[in-house]
file work_35.txt (compact mmCIF, C-alpha atoms)
# COMPACT_ATOMS: atom_id res chain seq x y z
CA MET Q 1 -17.98 -47.30 -6.98
CA ASP Q 2 -15.65 -48.64 -4.29
CA VAL Q 3 -16.74 -46.41 -1.43
CA ASP Q 4 -13.91 -47.45 0.88
CA ALA Q 5 -11.26 -46.67 -1.74
CA TYR Q 6 -12.98 -43.40 -2.61
CA ALA Q 7 -13.16 -42.38 1.05
CA TYR Q 8 -9.53 -43.36 1.61
CA ALA Q 9 -8.41 -41.24 -1.40
CA HIS Q 10 -10.20 -38.13 -0.19
CA ARG Q 11 -10.15 -38.52 3.60
CA ARG Q 12 -7.21 -36.15 4.10
CA ASP Q 13 -9.05 -33.36 2.28
CA TRP Q 14 -12.19 -33.96 4.33
CA GLU Q 15 -10.25 -33.93 7.57
CA ARG Q 16 -8.45 -30.76 6.51
CA LEU Q 17 -11.80 -29.13 5.69
CA ASP Q 18 -13.11 -30.06 9.12
CA ARG Q 19 -10.02 -28.63 10.87
CA LEU Q 20 -10.28 -25.37 8.96
CA ALA Q 21 -14.01 -25.07 9.71
CA ARG Q 22 -13.28 -25.54 13.43
CA SER Q 23 -10.33 -23.11 13.56
CA ARG Q 24 -10.94 -19.94 15.51
CA ARG Q 25 -8.73 -17.78 13.25
CA LEU Q 26 -7.85 -18.25 9.59
CA THR Q 27 -5.24 -16.54 7.46
CA GLY Q 28 -6.16 -15.29 4.00
CA ALA Q 29 -4.61 -18.38 2.40
CA GLU Q 30 -6.47 -20.69 4.79
CA SER Q 31 -9.78 -18.95 4.03
CA ASP Q 32 -9.22 -19.51 0.32
CA GLU Q 33 -8.32 -23.15 1.02
CA LEU Q 34 -11.50 -23.56 3.08
CA VAL Q 35 -13.66 -22.31 0.20
CA ALA Q 36 -11.87 -24.53 -2.36
CA LEU Q 37 -12.18 -27.66 -0.18
CA TYR Q 38 -15.82 -26.89 0.55
CA ARG Q 39 -16.67 -26.73 -3.16
CA ARG Q 40 -14.72 -29.90 -3.93
CA THR Q 41 -16.29 -31.83 -1.06
CA SER Q 42 -19.79 -30.69 -2.07
CA GLN Q 43 -19.21 -32.16 -5.53
CA GLN Q 44 -17.90 -35.39 -4.03
CA VAL Q 45 -20.92 -35.70 -1.73
CA ALA Q 46 -23.26 -35.18 -4.69
CA ARG Q 47 -21.43 -37.96 -6.54
CA LEU Q 48 -21.68 -40.31 -3.56
CA GLN Q 49 -25.39 -39.64 -3.22
CA VAL Q 50 -26.02 -40.59 -6.86
CA GLN Q 51 -23.67 -43.53 -7.35
CA SER Q 52 -23.28 -45.22 -3.99
CA PRO Q 53 -25.21 -43.79 -1.07
CA GLU Q 54 -23.66 -44.61 2.30
CA ALA Q 55 -25.76 -43.22 5.13
CA GLY Q 56 -22.99 -43.03 7.73
CA LEU Q 57 -20.41 -41.48 5.44
CA LEU Q 58 -22.89 -39.01 3.95
CA ALA Q 59 -24.12 -37.95 7.39
CA GLY Q 60 -20.58 -37.23 8.55
CA LEU Q 61 -19.70 -35.30 5.40
CA SER Q 62 -22.96 -33.35 5.55
CA THR Q 63 -22.08 -32.24 9.08
CA VAL Q 64 -18.64 -31.12 7.93
CA LEU Q 65 -20.17 -29.25 4.99
CA ALA Q 66 -22.73 -27.52 7.20
CA ARG Q 67 -20.01 -26.40 9.62
CA SER Q 68 -17.86 -25.21 6.71
CA ARG Q 69 -20.75 -23.36 5.12
CA ALA Q 70 -21.47 -21.52 8.36
CA ARG Q 71 -17.81 -20.62 8.71
CA ILE Q 72 -17.57 -19.32 5.14
CA LEU Q 73 -20.73 -17.23 5.38
CA GLY Q 74 -19.68 -15.95 8.79
CA SER Q 75 -16.23 -14.96 7.51
CA ARG Q 76 -17.64 -13.16 4.54
CA SER Q 77 -20.17 -11.22 6.60
CA ASP Q 78 -17.50 -10.00 8.99
CA ALA Q 79 -16.35 -7.22 6.67
CA TRP Q 80 -15.17 -4.95 9.46
CA ALA Q 81 -12.83 -7.63 10.77
CA GLU Q 82 -11.34 -8.03 7.29
CA ILE Q 83 -10.88 -4.26 6.96
CA GLY Q 84 -9.19 -4.22 10.35
CA ARG Q 85 -6.88 -7.05 9.34
CA PHE Q 86 -6.01 -5.19 6.14
CA PHE Q 87 -4.78 -2.16 8.05
CA THR Q 88 -3.15 -4.07 10.92
CA HIS Q 89 -1.46 -6.80 8.89
CA ARG Q 90 -1.64 -6.84 5.10
CA PHE Q 91 -0.93 -3.21 4.22
CA PRO Q 92 1.90 -2.47 6.69
CA ALA Q 93 3.49 -5.86 5.94
CA GLU Q 94 3.59 -5.14 2.21
CA VAL Q 95 5.06 -1.69 2.78
CA TYR Q 96 7.68 -3.18 5.08
CA ARG Q 97 8.61 -5.89 2.56
CA ALA Q 98 9.13 -3.22 -0.12
CA ARG Q 99 11.17 -1.04 2.23
CA TRP Q 100 14.53 -1.22 0.43
CA TRP Q 101 12.92 -0.08 -2.81
CA TRP Q 102 11.14 2.95 -1.39
CA LEU Q 103 14.02 3.86 0.90
CA GLY Q 104 16.22 3.89 -2.20
CA VAL Q 105 13.71 6.11 -3.99
CA THR Q 106 13.73 8.42 -0.95
CA VAL Q 107 17.52 8.84 -1.01
CA VAL Q 108 17.68 9.54 -4.76
CA PHE Q 109 14.65 11.88 -4.71
CA LEU Q 110 15.95 13.96 -1.81
CA GLY Q 111 19.41 14.01 -3.40
CA VAL Q 112 17.94 15.55 -6.56
CA VAL Q 113 15.94 18.08 -4.51
CA VAL Q 114 18.94 19.15 -2.43
CA GLY Q 115 21.15 19.35 -5.53
CA LEU Q 116 18.67 21.62 -7.30
CA ALA Q 117 18.10 23.72 -4.19
CA ILE Q 118 21.85 24.39 -4.03
CA TRP Q 119 22.29 24.94 -7.78
CA VAL Q 120 19.37 27.27 -8.49
CA PRO Q 121 20.09 30.26 -6.17
CA GLY Q 122 22.15 32.89 -7.94
CA SER Q 123 23.03 30.63 -10.87
CA GLY Q 124 22.33 32.16 -14.25
CA THR Q 125 23.11 28.82 -15.85
CA ALA Q 126 20.45 27.11 -13.75
CA HIS Q 127 17.88 29.77 -14.60
CA ARG Q 128 18.60 29.48 -18.31
CA ALA Q 129 18.67 25.67 -18.30
CA LEU Q 130 15.40 25.44 -16.40
CA GLY Q 131 13.69 28.33 -18.17
CA LEU Q 132 13.22 30.35 -14.98
CA PRO Q 133 12.41 34.08 -15.17
CA SER Q 134 14.87 36.56 -13.73
CA ASP Q 135 12.21 38.04 -11.44
CA THR Q 136 10.42 35.43 -9.34
CA GLY Q 137 8.97 37.78 -6.72
CA ASP Q 138 5.39 36.87 -7.60
CA LEU Q 139 6.19 33.36 -6.39
CA THR Q 140 8.58 33.97 -3.49
CA ASP Q 141 7.50 37.30 -1.95
CA PRO Q 142 5.39 37.31 1.23
CA GLY Q 143 1.82 36.74 0.10
CA GLY Q 144 3.10 35.39 -3.23
CA LYS Q 145 1.83 32.36 -5.11
CA PHE Q 146 3.85 29.91 -3.03
CA GLU Q 147 2.04 30.94 0.15
CA THR Q 148 -1.40 31.78 -1.21
CA TYR Q 149 -1.62 28.39 -2.93
CA TYR Q 150 -2.46 26.91 0.47
CA SER Q 151 -5.14 29.40 1.44
CA GLU Q 152 -6.89 30.58 -1.73
CA HIS Q 153 -9.57 27.88 -1.50
CA PRO Q 154 -11.89 26.76 1.34
CA HIS Q 155 -10.08 24.29 3.59
CA ASP Q 156 -12.41 21.33 3.03
CA ALA Q 157 -12.48 21.74 -0.76
CA PHE Q 158 -8.70 22.20 -0.85
CA ALA Q 159 -8.14 19.07 1.27
CA ALA Q 160 -10.34 17.02 -1.07
CA GLN Q 161 -8.55 18.42 -4.12
CA VAL Q 162 -5.13 17.69 -2.65
CA TRP Q 163 -6.13 14.16 -1.67
CA THR Q 164 -7.42 13.41 -5.16
CA ASN Q 165 -4.35 14.87 -6.85
CA ASN Q 166 -1.88 13.08 -4.59
CA ALA Q 167 -3.74 9.79 -4.93
CA TRP Q 168 -3.41 10.05 -8.72
CA VAL Q 169 0.30 10.87 -8.45
CA ALA Q 170 0.89 7.91 -6.12
CA ALA Q 171 -1.18 5.55 -8.27
CA GLY Q 172 0.67 6.73 -11.37
CA ALA Q 173 4.07 6.23 -9.75
CA LEU Q 174 3.02 2.79 -8.55
CA PHE Q 175 1.36 1.31 -11.61
CA THR Q 176 3.56 2.92 -14.27
CA GLY Q 177 6.44 1.34 -12.37
CA ALA Q 178 5.77 -1.78 -14.39
CA LEU Q 179 7.34 0.11 -17.32
CA ILE Q 180 10.03 1.66 -15.03
CA LEU Q 181 10.87 4.73 -17.16
CA PRO Q 182 7.45 6.47 -16.81
CA ALA Q 183 7.62 6.07 -13.03
CA VAL Q 184 11.19 7.39 -12.93
CA TYR Q 185 10.12 10.38 -15.06
CA MET Q 186 7.13 11.13 -12.81
CA LEU Q 187 9.26 10.97 -9.67
CA PHE Q 188 11.95 13.14 -11.27
CA MET Q 189 9.43 15.83 -12.28
CA ASN Q 190 8.11 15.97 -8.71
CA ALA Q 191 11.68 16.26 -7.40
CA LEU Q 192 12.40 18.96 -10.00
CA ASN Q 193 9.39 21.05 -8.97
CA LEU Q 194 10.20 20.74 -5.29
CA GLY Q 195 13.93 21.41 -5.76
CA VAL Q 196 13.37 24.48 -7.95
CA SER Q 197 10.84 25.89 -5.47
CA ALA Q 198 13.31 25.36 -2.63
CA GLY Q 199 16.08 27.00 -4.64
CA LEU Q 200 14.00 30.06 -5.51
CA MET Q 201 12.81 30.49 -1.94
CA ALA Q 202 16.43 30.16 -0.75
CA GLN Q 203 17.48 32.79 -3.29
CA ALA Q 204 14.85 35.13 -1.85
CA GLY Q 205 16.03 34.41 1.69
CA ARG Q 206 12.73 32.78 2.59
CA LEU Q 207 13.63 29.17 3.36
CA ASP Q 208 11.88 29.53 6.72
CA SER Q 209 8.61 30.11 4.89
CA PHE Q 210 9.36 27.26 2.47
CA PHE Q 211 9.84 24.73 5.25
CA GLY Q 212 6.97 26.16 7.25
CA PHE Q 213 4.55 25.47 4.41
CA ILE Q 214 6.06 22.29 2.96
CA LEU Q 215 7.00 20.21 5.98
CA PRO Q 216 3.64 19.96 7.84
CA HIS Q 217 2.00 17.89 5.12
CA GLY Q 218 5.00 17.18 2.91
CA MET Q 219 6.74 14.68 5.19
CA LEU Q 220 3.86 12.20 5.11
CA GLU Q 221 2.79 13.05 1.56
CA LEU Q 222 6.26 12.53 0.09
CA THR Q 223 6.76 9.33 2.07
CA ALA Q 224 3.56 7.96 0.54
CA ILE Q 225 4.80 8.88 -2.94
CA PHE Q 226 8.20 7.28 -2.20
CA VAL Q 227 6.43 4.08 -1.11
CA ALA Q 228 4.30 4.11 -4.27
CA GLY Q 229 7.31 4.76 -6.49
CA GLY Q 230 9.42 2.09 -4.81
CA ALA Q 231 6.65 -0.53 -4.99
CA GLY Q 232 6.04 0.38 -8.63
CA LEU Q 233 9.71 0.00 -9.56
CA GLN Q 234 9.81 -3.31 -7.72
CA LEU Q 235 6.86 -4.44 -9.84
CA GLY Q 236 8.71 -3.37 -12.98
CA TRP Q 237 11.90 -5.13 -11.92
CA THR Q 238 9.90 -8.35 -11.46
CA LEU Q 239 9.38 -8.35 -15.23
CA ILE Q 240 13.13 -8.31 -15.70
CA ASP Q 241 14.11 -10.65 -12.87
CA PRO Q 242 11.25 -12.79 -11.53
CA GLY Q 243 13.59 -14.78 -9.30
CA ARG Q 244 13.00 -18.49 -8.78
CA ALA Q 245 9.29 -18.33 -9.60
CA SER Q 246 7.89 -18.19 -13.10
CA ARG Q 247 7.47 -14.70 -14.52
CA ALA Q 248 3.67 -15.02 -14.55
CA ARG Q 249 3.53 -16.20 -10.94
CA ALA Q 250 6.00 -13.57 -9.72
CA LEU Q 251 4.09 -10.80 -11.49
CA ALA Q 252 0.78 -11.98 -10.06
CA GLN Q 253 2.21 -12.00 -6.55
CA ARG Q 254 3.87 -8.60 -6.94
CA GLY Q 255 0.73 -7.18 -8.58
CA ARG Q 256 -1.39 -8.21 -5.58
CA ALA Q 257 1.14 -6.58 -3.28
CA ALA Q 258 1.06 -3.39 -5.36
CA ALA Q 259 -2.75 -3.30 -5.24
CA THR Q 260 -2.65 -3.71 -1.45
CA ILE Q 261 -0.18 -0.84 -1.13
CA ALA Q 262 -2.28 1.36 -3.45
CA LEU Q 263 -5.41 0.85 -1.33
CA GLY Q 264 -3.58 1.54 1.91
CA LEU Q 265 -1.86 4.64 0.59
CA ALA Q 266 -5.24 6.16 -0.22
CA GLY Q 267 -5.83 6.35 3.53
CA VAL Q 268 -2.34 7.72 4.21
CA LEU Q 269 -2.80 10.42 1.57
CA LEU Q 270 -6.19 11.29 3.04
CA ILE Q 271 -4.44 12.12 6.31
CA SER Q 272 -1.74 14.20 4.55
CA GLY Q 273 -4.47 15.95 2.55
CA LEU Q 274 -6.31 16.89 5.74
CA ILE Q 275 -3.07 18.27 7.18
CA GLU Q 276 -2.41 20.26 4.00
CA GLY Q 277 -5.96 21.54 3.89
CA PHE Q 278 -6.38 22.49 7.54
CA VAL Q 279 -2.99 22.65 9.31
CA THR Q 280 -0.58 24.05 6.68
CA PRO Q 281 -2.61 27.26 6.01
CA SER Q 282 -3.89 27.57 9.58
CA GLY Q 283 -1.72 30.52 10.59
CA TRP Q 284 -0.43 28.64 13.63
CA PRO Q 285 3.26 29.11 14.49
CA ALA Q 286 5.53 27.16 12.12
CA PRO Q 287 6.95 24.93 14.90
CA VAL Q 288 3.40 23.83 15.81
CA ARG Q 289 2.47 23.05 12.20
CA ILE Q 290 5.76 21.24 11.53
CA GLY Q 291 5.37 19.36 14.82
CA ILE Q 292 1.96 18.02 13.74
CA GLY Q 293 3.45 16.88 10.43
CA ALA Q 294 6.38 15.26 12.22
CA LEU Q 295 4.02 13.37 14.53
CA ALA Q 296 2.09 12.02 11.54
CA GLU Q 297 5.35 10.96 9.84
CA VAL Q 298 6.73 9.26 12.95
CA ALA Q 299 3.39 7.50 13.47
CA PHE Q 300 3.43 6.12 9.92
CA LEU Q 301 7.05 4.94 10.07
CA SER Q 302 6.45 3.35 13.48
CA TYR Q 303 3.38 1.63 12.03
CA VAL Q 304 5.40 0.19 9.14
CA PHE Q 305 8.51 -0.82 11.08
CA GLY Q 306 6.52 -2.04 14.10
CA PRO Q 307 3.29 -3.91 13.24
CA GLY Q 308 4.34 -4.12 9.58
CA ARG Q 309 7.61 -5.85 10.40
CA TRP Q 310 5.95 -8.22 12.88
CA ALA Q 311 3.20 -9.15 10.40
CA ALA Q 312 5.73 -9.76 7.61
CA GLN Q 313 7.91 -11.92 9.85
CA ALA Q 314 4.93 -13.93 11.11
CA GLU Q 315 3.77 -14.59 7.56
CA ALA Q 316 7.26 -15.62 6.51
CA ALA Q 317 7.47 -18.04 9.45
CA ARG Q 318 4.21 -19.75 8.33
CA ARG Q 319 5.49 -20.40 4.83
CA PRO Q 320 6.96 -23.85 4.16

call {"tool": "encode", "arguments": {"input": "work_35.txt", "output": "structure tokens"}}
result
Amino acid sequence: MDVDAYAYAHRRDWERLDRLARSRRLTGAESDELVALYRRTSQQVARLQVQSPEAGLLAGLSTVLARSRARILGSRSDAWAEIGRFFTHRFPAEVYRARWWWLGVTVVFLGVVVGLAIWVPGSGTAHRALGLPSDTGDLTDPGGKFETYYSEHPHDAFAAQVWTNNAWVAAGALFTGALILPAVYMLFMNALNLGVSAGLMAQAGRLDSFFGFILPHGMLELTAIFVAGGAGLQLGWTLIDPGRASRARALAQRGRAAATIALGLAGVLLISGLIEGFVTPSGWPAPVRIGIGALAEVAFLSYVFGPGRWAAQAEAARRP
């Protein structure tokens, strides 16, 4: 083996490995590169040891490998730092990048809800088309099913139930988005249920109660579902139009983004579930309950369009 030629061919990789091992902070891509270079260099050192041992070269490479190994093991053991980075960078950045999709879903969804809420009250055609009974007092009256739904179970059990249910709805909207039509159907059925409920409560003259029970948790909960639906439809559209990348590569990239959003939304829906379980049925004045929900919604949107935007722009600036 020509050691000089071999060292010349691989020196750039070895120097890159050494720089990464010495870096104070690594991005996700740089961490993956560090691991790949470490494995490759380990194989090259083993080959040098067998075929043409060079004490000076091997000593230098062994030092680089030891430093790299310590960095890799240290990075992997720092799980809390990775979790923190997920919530401060990766998750909000992915939600921000998908913003036009979920903002579009928001507009269409709310348009359907408002349209139904206007159509249903006093419309015999709407009642017949939707199969609604003529007497809906058991749902809309004070103490009816609409109100007791939020208080008929213990708060902690109800919060857990709501979180689980909403997480399944969001996951379904996100991952069935790859087929587009199932996600559209799921979103439409949620809009239908909400719009009909609003229409019936308006017909009974009880919109104040409707908003008092829906808005505290519903603002954040629906935003999470809009994000899931938008990200899912974006994933589905990637199948149709992968852009400049190959379809397989584009789908892999979009699939990783969708998985990141799904994990992050589990935390968002946990917060909305706690609000629905403890704040919505609390008996506090409606302005107080709605105010708590509004604060949670503003906090989430500020999180996405603040740190999320900055993280997405910083990542874009690092790309070649």

call {"tool": "closest_residue", "arguments": {"input": "work_35.txt", "among": "Q:Gln203, Q:Gln234, Q:Thr176, Q:Asn165", "to": "Leu269 of chain Q", "atoms": "only C-alpha atoms"}}
result
Q:Asn165

call {"tool": "closest_residue", "arguments": {"input": "work_35.txt", "among": "Q:Ala250, Q:Gly306, Q:Ala228, Q:Gly255", "to": "Leu103 of chain Q", "atoms": "only C-alpha atoms"}}
result
Q:Ala228

call {"tool": "residues_around", "arguments": {"input": "work_35.txt", "residues": "segment 22-34 of chain Q", "least_positions_apart": "2", "cutoff": "9 Å", "atoms": "only C-alpha atoms", "output": "ChimeraX atom specification"}}
result
/Q:16-20,36-39,67-68,71-72,75

call {"tool": "residues_around", "arguments": {"input": "work_35.txt", "residues": "Trp101 of chain Q", "least_positions_apart": "6", "cutoff": "9 Å", "atoms": "only C-alpha atoms", "output": "PyMOL selection string"}}
result
chain Q and resi 226-227+229-231+233-234

call {"tool": "atom_distance", "arguments": {"input": "work_35.txt", "atom1": "atom CA of Leu200 of chain Q", "atom2": "atom CA of Phe109 of chain Q"}}
result
18.2 Å

call {"tool": "closest_residue", "arguments": {"input": "work_35.txt", "among": "Q:Arg99, Q:Arg47, Q:Arg249, Q:Arg206", "to": "Leu301 of chain Q", "atoms": "all atoms listed in the file"}}
result
Q:Arg99

call {"tool": "atom_distance", "arguments": {"input": "work_35.txt", "atom1": "atom CA of Thr88 of chain Q", "atom2": "atom CA of Trp168 of chain Q"}}
result
24.2 Å

call {"tool": "closest_residue", "arguments": {"input": "work_35.txt", "among": "Q:Ala5, Q:Ala259, Q:Val113, Q:Ile290", "to": "Phe211 of chain Q", "atoms": "all atoms listed in the file"}}
result
Q:Ile290

call {"tool": "atom_distance", "arguments": {"input": "work_35.txt", "atom1": "atom CA of Pro216 of chain Q", "atom2": "atom CA of Val288 of chain Q"}}
result
8.9 Å

call {"tool": "closest_residue", "arguments": {"input": "work_35.txt", "among": "Q:Thr280, Q:Ser123, Q:Gln253, Q:Gln313", "to": "Ala159 of chain Q", "atoms": "all atoms listed in the file"}}
result
Q:Thr280

call {"tool": "residues_near_point", "arguments": {"input": "work_35.txt", "point": "(3.3, 10.1, 4.4)", "cutoff": "6 Å", "atoms": "only C-alpha atoms", "output": "ChimeraX atom specification"}}
result
/Q:219-224,297

call {"tool": "write_last_selection", "arguments": {"input": "work_35.txt", "atoms": "C-alpha atoms", "output": "PDB file, in the frame of the given file"}}
result
ATOM      1  CA  MET Q 219       6.740  14.680   5.190  1.00  0.00           C
ATOM      2  CA  LEU Q 220       3.860  12.200   5.110  1.00  0.00           C
ATOM      3  CA  GLU Q 221       2.790  13.050   1.560  1.00  0.00           C
ATOM      4  CA  LEU Q 222       6.260  12.530   0.090  1.00  0.00           C
ATOM      5  CA  THR Q 223       6.760   9.330   2.070  1.00  0.00           C
ATOM      6  CA  ALA Q 224       3.560   7.960   0.540  1.00  0.00           C
ATOM      7  CA  GLU Q 297       5.350  10.960   9.840  1.00  0.00           C
TER       8      GLU Q 297
END

call {"tool": "build_atoms", "arguments": {"input": "work_35.txt", "residues": "segment 294-315 of chain Q", "atoms": "N, CA, C and O atoms", "output": "PDB file, in the coordinates of the input"}}
result
ATOM      1  N   ALA Q 294       5.370  16.210  11.750  1.00  0.00           N
ATOM      2  CA  ALA Q 294       6.380  15.260  12.220  1.00  0.00           C
ATOM      3  C   ALA Q 294       5.739  14.113  12.993  1.00  0.00           C
ATOM      4  O   ALA Q 294       6.152  12.953  12.856  1.00  0.00           O
ATOM      5  N   LEU Q 295       4.720  14.416  13.802  1.00  0.00           N
ATOM      6  CA  LEU Q 295       4.020  13.370  14.530  1.00  0.00           C
ATOM      7  C   LEU Q 295       3.353  12.377  13.580  1.00  0.00           C
ATOM      8  O   LEU Q 295       3.392  11.157  13.799  1.00  0.00           O
ATOM      9  N   ALA Q 296       2.737  12.894  12.521  1.00  0.00           N
ATOM     10  CA  ALA Q 296       2.090  12.020  11.540  1.00  0.00           C
ATOM     11  C   ALA Q 296       3.132  11.144  10.840  1.00  0.00           C
ATOM     12  O   ALA Q 296       2.907   9.948  10.619  1.00  0.00           O
ATOM     13  N   GLU Q 297       4.288  11.724  10.511  1.00  0.00           N
ATOM     14  CA  GLU Q 297       5.350  10.960   9.840  1.00  0.00           C
ATOM     15  C   GLU Q 297       5.914   9.879  10.753  1.00  0.00           C
ATOM     16  O   GLU Q 297       6.089   8.730  10.342  1.00  0.00           O
ATOM     17  N   VAL Q 298       6.190  10.237  11.992  1.00  0.00           N
ATOM     18  CA  VAL Q 298       6.730   9.260  12.950  1.00  0.00           C
ATOM     19  C   VAL Q 298       5.711   8.139  13.189  1.00  0.00           C
ATOM     20  O   VAL Q 298       6.076   6.959  13.288  1.00  0.00           O
ATOM     21  N   ALA Q 299       4.436   8.508  13.260  1.00  0.00           N
ATOM     22  CA  ALA Q 299       3.390   7.500  13.470  1.00  0.00           C
ATOM     23  C   ALA Q 299       3.363   6.507  12.298  1.00  0.00           C
ATOM     24  O   ALA Q 299       3.253   5.289  12.512  1.00  0.00           O
ATOM     25  N   PHE Q 300       3.470   7.013  11.081  1.00  0.00           N
ATOM     26  CA  PHE Q 300       3.430   6.120   9.920  1.00  0.00           C
ATOM     27  C   PHE Q 300       4.652   5.206   9.887  1.00  0.00           C
ATOM     28  O   PHE Q 300       4.529   3.994   9.659  1.00  0.00           O
ATOM     29  N   LEU Q 301       5.848   5.759  10.094  1.00  0.00           N
ATOM     30  CA  LEU Q 301       7.050   4.940  10.070  1.00  0.00           C
ATOM     31  C   LEU Q 301       7.047   3.920  11.210  1.00  0.00           C
ATOM     32  O   LEU Q 301       7.487   2.771  11.024  1.00  0.00           O
ATOM     33  N   SER Q 302       6.551   4.302  12.371  1.00  0.00           N
ATOM     34  CA  SER Q 302       6.450   3.350  13.480  1.00  0.00           C
ATOM     35  C   SER Q 302       5.461   2.240  13.149  1.00  0.00           C
ATOM     36  O   SER Q 302       5.666   1.075  13.512  1.00  0.00           O
ATOM     37  N   TYR Q 303       4.394   2.596  12.466  1.00  0.00           N
ATOM     38  CA  TYR Q 303       3.380   1.630  12.030  1.00  0.00           C
ATOM     39  C   TYR Q 303       3.967   0.613  11.058  1.00  0.00           C
ATOM     40  O   TYR Q 303       3.709  -0.593  11.159  1.00  0.00           O
ATOM     41  N   VAL Q 304       4.796   1.082  10.131  1.00  0.00           N
ATOM     42  CA  VAL Q 304       5.400   0.190   9.140  1.00  0.00           C
ATOM     43  C   VAL Q 304       6.479  -0.689   9.762  1.00  0.00           C
ATOM     44  O   VAL Q 304       6.515  -1.907   9.546  1.00  0.00           O
ATOM     45  N   PHE Q 305       7.381  -0.075  10.538  1.00  0.00           N
ATOM     46  CA  PHE Q 305       8.510  -0.820  11.080  1.00  0.00           C
ATOM     47  C   PHE Q 305       8.201  -1.491  12.422  1.00  0.00           C
ATOM     48  O   PHE Q 305       9.062  -2.155  12.988  1.00  0.00           O
ATOM     49  N   GLY Q 306       6.980  -1.331  12.912  1.00  0.00           N
ATOM     50  CA  GLY Q 306       6.520  -2.040  14.100  1.00  0.00           C
ATOM     51  C   GLY Q 306       5.571  -3.152  13.680  1.00  0.00           C
ATOM     52  O   GLY Q 306       6.006  -4.271  13.371  1.00  0.00           O
ATOM     53  N   PRO Q 307       4.247  -2.884  13.663  1.00  0.00           N
ATOM     54  CA  PRO Q 307       3.290  -3.910  13.240  1.00  0.00           C
ATOM     55  C   PRO Q 307       3.574  -4.471  11.843  1.00  0.00           C
ATOM     56  O   PRO Q 307       3.353  -5.658  11.608  1.00  0.00           O
ATOM     57  N   GLY Q 308       4.047  -3.626  10.928  1.00  0.00           N
ATOM     58  CA  GLY Q 308       4.340  -4.120   9.580  1.00  0.00           C
ATOM     59  C   GLY Q 308       5.444  -5.166   9.585  1.00  0.00           C
ATOM     60  O   GLY Q 308       5.342  -6.211   8.929  1.00  0.00           O
ATOM     61  N   ARG Q 309       6.503  -4.891  10.316  1.00  0.00           N
ATOM     62  CA  ARG Q 309       7.610  -5.850  10.400  1.00  0.00           C
ATOM     63  C   ARG Q 309       7.164  -7.139  11.075  1.00  0.00           C
ATOM     64  O   ARG Q 309       7.501  -8.240  10.618  1.00  0.00           O
ATOM     65  N   TRP Q 310       6.403  -7.022  12.160  1.00  0.00           N
ATOM     66  CA  TRP Q 310       5.950  -8.220  12.880  1.00  0.00           C
ATOM     67  C   TRP Q 310       5.033  -9.065  11.997  1.00  0.00           C
ATOM     68  O   TRP Q 310       5.148 -10.295  11.983  1.00  0.00           O
ATOM     69  N   ALA Q 311       4.118  -8.408  11.264  1.00  0.00           N
ATOM     70  CA  ALA Q 311       3.200  -9.150  10.400  1.00  0.00           C
ATOM     71  C   ALA Q 311       3.954  -9.843   9.270  1.00  0.00           C
ATOM     72  O   ALA Q 311       3.666 -10.999   8.922  1.00  0.00           O
ATOM     73  N   ALA Q 312       4.942  -9.151   8.687  1.00  0.00           N
ATOM     74  CA  ALA Q 312       5.730  -9.760   7.610  1.00  0.00           C
ATOM     75  C   ALA Q 312       6.542 -10.941   8.116  1.00  0.00           C
ATOM     76  O   ALA Q 312       6.627 -11.983   7.450  1.00  0.00           O
ATOM     77  N   GLN Q 313       7.122 -10.823   9.288  1.00  0.00           N
ATOM     78  CA  GLN Q 313       7.910 -11.920   9.850  1.00  0.00           C
ATOM     79  C   GLN Q 313       7.032 -13.107  10.222  1.00  0.00           C
ATOM     80  O   GLN Q 313       7.406 -14.260  10.014  1.00  0.00           O
ATOM     81  N   ALA Q 314       5.839 -12.841  10.762  1.00  0.00           N
ATOM     82  CA  ALA Q 314       4.930 -13.930  11.110  1.00  0.00           C
ATOM     83  C   ALA Q 314       4.468 -14.674   9.869  1.00  0.00           C
ATOM     84  O   ALA Q 314       4.384 -15.907   9.864  1.00  0.00           O
ATOM     85  N   GLU Q 315       4.184 -13.942   8.806  1.00  0.00           N
ATOM     86  CA  GLU Q 315       3.770 -14.590   7.560  1.00  0.00           C
ATOM     87  C   GLU Q 315       4.902 -15.406   6.959  1.00  0.00           C
ATOM     88  O   GLU Q 315       4.691 -16.502   6.454  1.00  0.00           O
TER      89      GLU Q 315
END
